[in-house]
Amino acid sequence: MQLADNFKPFFKLLTDHEPFLWQEELFDKFLQRKLPSSCDIPTGLGKTSAIAIWLLALASHASTGIVGDFPRRLVYVVNRRTVVDQATREAEQMRKALDDKPDLHEVAESLRSLGAWSSDAPLAISTLRGQFADNAEWRVDPARPAVIVGTVDMIGSRLLFAAYGRGFKSRPLHAGFLGQDTLLIHDEAHLEPAFQKILAAIESEQQRCREFRRFRTMALTATSRSEDQSCGLTVAERTPKANPSTDDPPPLREVWKRVTARKGISFFPVDNEKKIAAEVAERALEHRASKQAILVFLRKLEDVKTVKDRLGKEKLGKEKLAVQLLTGTLRGLERDNLAKENPVFARFMPKPEVKPQEGTVYLVCTSAGEVGVNISADHLICDLTPFDSMTQRFGRVNRFGDGDALIDVVHASGKDGAESETKGASAFNAACEKTLALLKRLPKRPDGRHDASTAASNGLPLADRLDAYTPSPVILPASDILFDAWALTSIYKKLPGRPPVTDWLHGIADEWEPPETHVAWREEVGLLNGDLIEAYEPSDLLESYPLKPHELLRDRTKRVFEQLEKIAERSPDLSVWFISSEGLVDPVSLADLVERGEKALAHSTVLLPPHAGGLKEGMLSGEAEFKEGEDYDVADRWNDEAGSPRRRRVWDDDLAPQGMRLTQIINLRLDEEGEIGEEEEDKGRRWRWYVKPRSADDEGSRTACFEQTLDSHGQTAEHFASKLVAKLGLGEPVGPAVTFAARWHDLGKRREVWQKSIGNRRYPELVLAKSGGKMRPLDLHSYRHELGSLIDISNLPDFLRLSPEAQDLALHLIAAHHGRARPHFPENESFDRENSEDDSARIARETPRRFARLQRKYGRWGLAYLESLVRATDAMASQSGDDSAIPAQEVEK
């Protein structure tokens, strides 16, 4: 069966529904390697199925043996407000379908053929929520197809070499793999125009610099800010028939049904903005006996809580009304559990995971419910927001055209109503007023309500709709100088001329879009104080054990600051870790942090110890004190698709988790001289941190499960590199350089100082590359084996046989394989005791020159990508199952 000729059956197998006409057209474009820059699709018509369309197009290209420049990775970026994103569900469903459905075997095998080394799953995925959340599957094998779902902050910061929450070592790795061989789809692009602008700037800059691999972007939205659309509904889909017949194709009839779904608006003015919440609650209560699903949208969190409390006090008979809150301020863990466990939320889901609540149910939301979530209510009550926001809200009611939804819009009128408590929000209020006028221009139905169907809304002039959109932020221009500065990742402290990337991701908004701050809880924050902070650098610990989405909650900086002030009143000396927007980690007392003021917290992360308290129903609350048994530190509750932990921290002599590798040992006792003690008989002081190989989001090569000699590790890495180079079609000089660098990258580890640092007492008879976690690491005194390798390889016969271009690239790939040499080795690492100071100084001087030279040749993201290829082979070699040079399962292939 030819994949390209059987899109419809394969698409249905992957998604459980037949494709719409616009989806067939997009597939045809992908087959021709034409990737549209934008795609304007109304809410409820399968925007996220673009993932399945890309997947089938990639499988089709793979089946011909010519993938060429068609991207192997799809990065799907969702808005930060998204609570339950449909993209994650799509990715998980596709993964399961490829595994479970025999009729998709041909597709799965075509995808599997692209990978450089064997894997059971033909598709790697890393998602925003749930069992695949923020894992490293997608970068284990750079040739393997992968879907990565993340927010603007997660993906954008990594793409710009900043990687929020990550250390300098992994930043080029993320930037390289996200910025090369990738199609980035920006969902709900109208919500983040600044991010869309920086994506276009990156794509343009890569084309100008002729980057090594291509980076493509596609804006996906139901409410585009642009009149220029290269992809969207077909003419037939945009012009529904008044009376469809059975002769019309079922997918076309389904589109018409959804775009003409009955939705009627009534307006309810109040004379003051402060009365909106009370009126919304009263309108909602009119549905209390309806036995239907009622959706409530309010812009302000305070109004959401007011309405939720008001509805929660009401009873229907003897039972209280079923009310669920949905806000973007929920911690990730509670957010994930909402779709999995909450019966009220299940009433709004087309395919619920739990039994839905019966009777009348209410879902009270902030803007978190507007985007990225496939929910459908029977009726809607909301306040007034700009037109793009209202369009999203209307798309969450009678989504599939099966009913007749009543929409009540409560708005302030008159002079008092036009005022706002938010300073500088006049542009926002003006957009709301224009929206109100537009909605009143919608045609009236026989019942006197205004028709809010997609077809009716699209009948309004586009220019008028765009004029009523949420005001755009100030969008800052990017430049080659900025891109250069951001790419200098080994200079990880503040650098003049290198601003934080936040303002380029979100723009500089007026007061209606205030800054936000993240909060999480970790045990180590409370345990590591005084000299222990010197012994265990917090930034290194967070590199080994990164913060994950399920640990974090997000709220407006003002509210976070107010809650932290309350905690500081009872615990001023509490130790916290403050993570700036640049990623710098600052251990500080909570009182000192509060003293810095509210503005210092903007776009940052505050890491609290569990005994600080501050968590109530998944949200930050300064009044909430610590209680034993509460889930504060949930770092270890990060599971894979089988429900097994991806990482664990265990104490003392507890058994090591099976199948995991040791990445960190924390000794909580120091000797009298302030050094870490080494007596084995001391108990109650060692904390061992483990991660699961090939999925945990760390460097991958840091600690192996098994002891490996230096020669065998290099040979295994070379084997993996050869397979990767072949699968990616890398010729001269890149292919030979990558393979050579993989073989000899660790040559500098044969120094006595390095062997002693891993506790190898059999040296020099046995030279190890990996200790397998069986020996306690000792102080290395800042020696970097990468620099030692650069000195040693210069006279190797294999190196001398390389072309000058390959030699140059190989030297850099070896220097950078742990994130350094971008552009330099710092002064305290520029030495090698087994060679002369002149040799070390010469290598150190040449390193930044080489970096600049190669970045001009391969591009910023291209060079980072090539570095990451070597790092991937190093990680695979580190995680191979035994000490043999080539794993048995690879020999058989």
# chains A, B, ... in the order shown; residues from 1 in each chain; ligands from 1

call {"tool": "select_by_dssp", "arguments": {"residues": "stretch 216-318 of chain A", "states": "helix (DSSP H, G or I)", "output": "number ranges by chain"}}
result
A: 235-238, 250-259, 273-285, 301-312

call {"tool": "residues_around", "arguments": {"residues": "stretch 789-800 of chain A", "least_positions_apart": "5", "cutoff": "12 Å", "atoms": "only C-alpha atoms", "output": "compact mmCIF listing (two decimals) with N, CA, C and O atoms, in the first residue's frame"}}
result
# COMPACT_ATOMS: atom_id res chain seq x y z
N PRO A 736 32.81 12.71 8.83
CA PRO A 736 34.07 12.26 9.46
C PRO A 736 34.37 12.99 10.77
O PRO A 736 34.90 12.39 11.70
N ALA A 737 34.04 14.29 10.83
CA ALA A 737 34.32 15.05 12.06
C ALA A 737 33.48 14.54 13.22
O ALA A 737 33.98 14.39 14.35
N VAL A 738 32.20 14.27 12.99
CA VAL A 738 31.32 13.77 14.05
C VAL A 738 31.78 12.40 14.52
O VAL A 738 31.86 12.12 15.73
N THR A 739 32.13 11.52 13.57
CA THR A 739 32.55 10.17 13.93
C THR A 739 33.87 10.19 14.72
O THR A 739 34.02 9.49 15.72
N PHE A 740 34.83 11.00 14.25
CA PHE A 740 36.10 11.10 14.96
C PHE A 740 35.91 11.68 16.36
O PHE A 740 36.48 11.18 17.33
N ALA A 741 35.12 12.74 16.47
CA ALA A 741 34.89 13.36 17.78
C ALA A 741 34.24 12.39 18.74
O ALA A 741 34.58 12.36 19.94
N ALA A 742 33.32 11.57 18.25
CA ALA A 742 32.68 10.58 19.11
C ALA A 742 33.70 9.57 19.62
O ALA A 742 33.66 9.16 20.79
N ARG A 743 34.63 9.17 18.75
CA ARG A 743 35.62 8.15 19.14
C ARG A 743 36.60 8.67 20.19
O ARG A 743 36.96 7.96 21.13
N TRP A 744 37.02 9.94 20.07
CA TRP A 744 38.13 10.41 20.89
C TRP A 744 37.76 11.53 21.86
O TRP A 744 38.64 12.14 22.46
N HIS A 745 36.47 11.79 22.06
CA HIS A 745 36.05 12.95 22.86
C HIS A 745 36.53 12.87 24.31
O HIS A 745 36.75 13.90 24.95
N ASP A 746 36.69 11.66 24.84
CA ASP A 746 37.04 11.51 26.25
C ASP A 746 38.50 11.19 26.49
O ASP A 746 38.88 10.75 27.59
N LEU A 747 39.35 11.40 25.50
CA LEU A 747 40.75 11.00 25.63
C LEU A 747 41.42 11.67 26.83
O LEU A 747 42.28 11.09 27.49
N GLY A 748 41.00 12.88 27.16
CA GLY A 748 41.58 13.60 28.29
C GLY A 748 41.26 12.99 29.64
O GLY A 748 41.82 13.41 30.67
N LYS A 749 40.39 12.00 29.69
CA LYS A 749 40.07 11.33 30.95
C LYS A 749 41.17 10.38 31.41
O LYS A 749 41.12 9.86 32.53
N ARG A 750 42.16 10.13 30.57
CA ARG A 750 43.21 9.19 30.99
C ARG A 750 44.23 9.84 31.94
O ARG A 750 45.16 9.18 32.38
N ARG A 751 44.00 11.11 32.29
CA ARG A 751 44.85 11.78 33.27
C ARG A 751 44.64 11.16 34.66
O ARG A 751 43.55 10.76 35.02
N TYR A 783 39.89 20.58 36.65
CA TYR A 783 40.43 20.05 35.40
C TYR A 783 39.29 19.62 34.48
O TYR A 783 38.35 18.96 34.90
N ARG A 784 39.39 20.02 33.20
CA ARG A 784 38.38 19.64 32.22
C ARG A 784 39.01 18.67 31.22
O ARG A 784 39.97 18.99 30.52
N GLU A 805 39.18 21.00 7.14
CA GLU A 805 37.85 21.44 7.59
C GLU A 805 37.29 20.49 8.65
O GLU A 805 36.70 20.93 9.64
N ALA A 806 37.48 19.18 8.42
CA ALA A 806 36.99 18.20 9.39
C ALA A 806 37.77 18.28 10.70
O ALA A 806 37.21 18.12 11.79
N GLN A 807 39.09 18.54 10.61
CA GLN A 807 39.89 18.69 11.83
C GLN A 807 39.38 19.86 12.67
O GLN A 807 39.22 19.75 13.88
N ASP A 808 39.14 20.97 12.00
CA ASP A 808 38.66 22.16 12.71
C ASP A 808 37.34 21.88 13.43
O ASP A 808 37.17 22.20 14.61
N LEU A 809 36.42 21.25 12.72
CA LEU A 809 35.11 20.94 13.31
C LEU A 809 35.25 19.91 14.42
O LEU A 809 34.63 20.05 15.49
N ALA A 810 36.05 18.87 14.20
CA ALA A 810 36.21 17.83 15.22
C ALA A 810 36.76 18.40 16.52
O ALA A 810 36.32 18.03 17.62
N LEU A 811 37.73 19.32 16.42
CA LEU A 811 38.29 19.94 17.63
C LEU A 811 37.20 20.67 18.41
O LEU A 811 37.14 20.58 19.64
N HIS A 812 36.36 21.39 17.71
CA HIS A 812 35.30 22.12 18.43
C HIS A 812 34.28 21.15 19.03
O HIS A 812 33.84 21.35 20.17
N LEU A 813 33.90 20.12 18.30
CA LEU A 813 32.90 19.18 18.82
C LEU A 813 33.39 18.50 20.08
O LEU A 813 32.61 18.24 21.00
N ILE A 814 34.67 18.20 20.14
CA ILE A 814 35.25 17.60 21.35
C ILE A 814 35.27 18.63 22.48
O ILE A 814 34.90 18.34 23.62
N ALA A 815 35.67 19.84 22.16
CA ALA A 815 35.74 20.88 23.19
C ALA A 815 34.38 21.19 23.79
O ALA A 815 34.26 21.50 24.98
N ALA A 816 33.32 21.07 22.97
CA ALA A 816 31.98 21.52 23.39
C ALA A 816 31.06 20.39 23.84
O ALA A 816 29.88 20.64 24.10
N HIS A 817 31.57 19.17 23.99
CA HIS A 817 30.63 18.06 24.20
C HIS A 817 30.05 18.00 25.62
O HIS A 817 29.20 17.15 25.90
N ALA A 821 33.28 25.75 25.84
CA ALA A 821 33.87 26.19 24.56
C ALA A 821 32.88 26.94 23.69
O ALA A 821 33.00 26.96 22.47
N SER A 830 41.41 26.33 32.38
CA SER A 830 42.33 26.32 31.24
C SER A 830 43.71 25.82 31.64
O SER A 830 44.72 26.53 31.54
N PHE A 831 43.77 24.58 32.13
CA PHE A 831 45.06 24.01 32.53
C PHE A 831 45.04 22.50 32.35
O PHE A 831 43.98 21.87 32.27
N ASP A 832 46.20 21.93 32.27
CA ASP A 832 46.39 20.48 32.19
C ASP A 832 47.73 20.19 32.84
O ASP A 832 48.79 20.50 32.29
N ARG A 833 47.73 19.59 34.04
CA ARG A 833 48.95 19.39 34.80
C ARG A 833 49.94 18.44 34.15
O ARG A 833 51.12 18.42 34.49
N GLU A 834 49.46 17.64 33.20
CA GLU A 834 50.36 16.69 32.55
C GLU A 834 50.94 17.24 31.25
O GLU A 834 51.60 16.53 30.50
N ASN A 835 50.63 18.53 30.97
CA ASN A 835 51.22 19.19 29.81
C ASN A 835 51.67 20.59 30.22
O ASN A 835 51.34 21.08 31.30
N SER A 836 52.40 21.23 29.36
CA SER A 836 52.96 22.53 29.69
C SER A 836 51.88 23.61 29.74
O SER A 836 50.81 23.47 29.12
N GLU A 837 52.17 24.66 30.48
CA GLU A 837 51.25 25.79 30.53
C GLU A 837 51.08 26.41 29.15
O GLU A 837 50.00 26.91 28.82
N ASP A 838 52.15 26.40 28.36
CA ASP A 838 52.08 26.97 27.02
C ASP A 838 51.07 26.22 26.16
O ASP A 838 50.29 26.82 25.40
N ASP A 839 51.07 24.87 26.25
CA ASP A 839 50.11 24.07 25.47
C ASP A 839 48.68 24.37 25.89
O ASP A 839 47.78 24.53 25.05
N SER A 840 48.46 24.42 27.20
CA SER A 840 47.11 24.71 27.70
C SER A 840 46.66 26.10 27.27
O SER A 840 45.50 26.29 26.84
N ALA A 841 47.57 27.07 27.38
CA ALA A 841 47.22 28.44 27.00
C ALA A 841 46.93 28.55 25.51
O ALA A 841 46.01 29.27 25.09
N ARG A 842 47.70 27.83 24.71
CA ARG A 842 47.48 27.86 23.26
C ARG A 842 46.10 27.30 22.91
O ARG A 842 45.36 27.89 22.10
N ILE A 843 45.73 26.18 23.52
CA ILE A 843 44.42 25.57 23.27
C ILE A 843 43.31 26.50 23.74
O ILE A 843 42.30 26.69 23.04
N ALA A 844 43.49 27.09 24.91
CA ALA A 844 42.47 27.99 25.44
C ALA A 844 42.27 29.21 24.56
O ALA A 844 41.15 29.69 24.37
N GLU A 846 42.87 29.42 21.28
CA GLU A 846 42.33 29.06 19.98
C GLU A 846 40.85 28.70 20.05
O GLU A 846 40.11 28.84 19.07
N THR A 847 40.37 28.26 21.23
CA THR A 847 38.99 27.78 21.35
C THR A 847 37.95 28.82 20.94
O THR A 847 37.07 28.52 20.13

call {"tool": "closest_residue", "arguments": {"among": "A:Glu90, A:Asp484, A:Glu211, A:Asp141", "to": "A:Ala852", "atoms": "only C-alpha atoms"}}
result
A:Asp484

call {"tool": "select_by_dssp", "arguments": {"residues": "stretch 404-564 of chain A", "states": "strand (DSSP E or B)", "output": "list in words"}}
result
Asp404, Ala405, Leu406, Ile407, Asp408, Val409, Val410, His411, Ala412, Lys444, His450, Asp451, Val474, Ile508, Glu516, Thr517, His518, Val519, Ala520, Trp521, Leu553, Arg554, Asp555 and Arg556 of chain A

call {"tool": "write_last_selection", "arguments": {"atoms": "C-alpha atoms", "output": "short mmCIF file (atom, residue, chain, number, x, y, z; two decimals), in the first residue's frame"}}
result
data_model
loop_
_atom_site.label_atom_id
_atom_site.label_comp_id
_atom_site.auth_asym_id
_atom_site.auth_seq_id
_atom_site.Cartn_x
_atom_site.Cartn_y
_atom_site.Cartn_z
CA ASP A 404 -28.62 25.35 20.87
CA ALA A 405 -26.36 27.27 23.22
CA LEU A 406 -27.38 30.36 25.15
CA ILE A 407 -24.57 32.86 25.68
CA ASP A 408 -25.01 35.60 28.29
CA VAL A 409 -22.45 38.43 28.09
CA VAL A 410 -22.29 40.62 31.19
CA HIS A 411 -20.56 43.95 30.68
CA ALA A 412 -20.11 47.29 32.38
CA LYS A 444 -30.49 38.42 15.17
CA HIS A 450 -27.56 37.51 18.21
CA ASP A 451 -26.14 34.66 16.11
CA VAL A 474 5.49 46.31 22.07
CA ILE A 508 6.42 44.39 26.49
CA GLU A 516 4.22 36.34 36.08
CA THR A 517 6.30 34.26 38.50
CA HIS A 518 6.63 30.50 38.99
CA VAL A 519 6.73 28.76 42.37
CA ALA A 520 7.71 25.19 43.33
CA TRP A 521 8.78 23.23 46.42
CA LEU A 553 2.54 26.78 39.56
CA ARG A 554 2.31 30.14 37.85
CA ASP A 555 0.61 33.35 38.93
CA ARG A 556 0.87 37.07 38.45
#

call {"tool": "atom_distance", "arguments": {"atom1": "atom CA of A:Asn529", "atom2": "atom CA of A:Pro587"}}
result
8.7 Å

call {"tool": "residues_around", "arguments": {"residues": "A:Gln207", "least_positions_apart": "5", "cutoff": "12 Å", "atoms": "only C-alpha atoms", "output": "PyMOL selection string"}}
result
chain A and resi 180+200-202+212-216+858-862
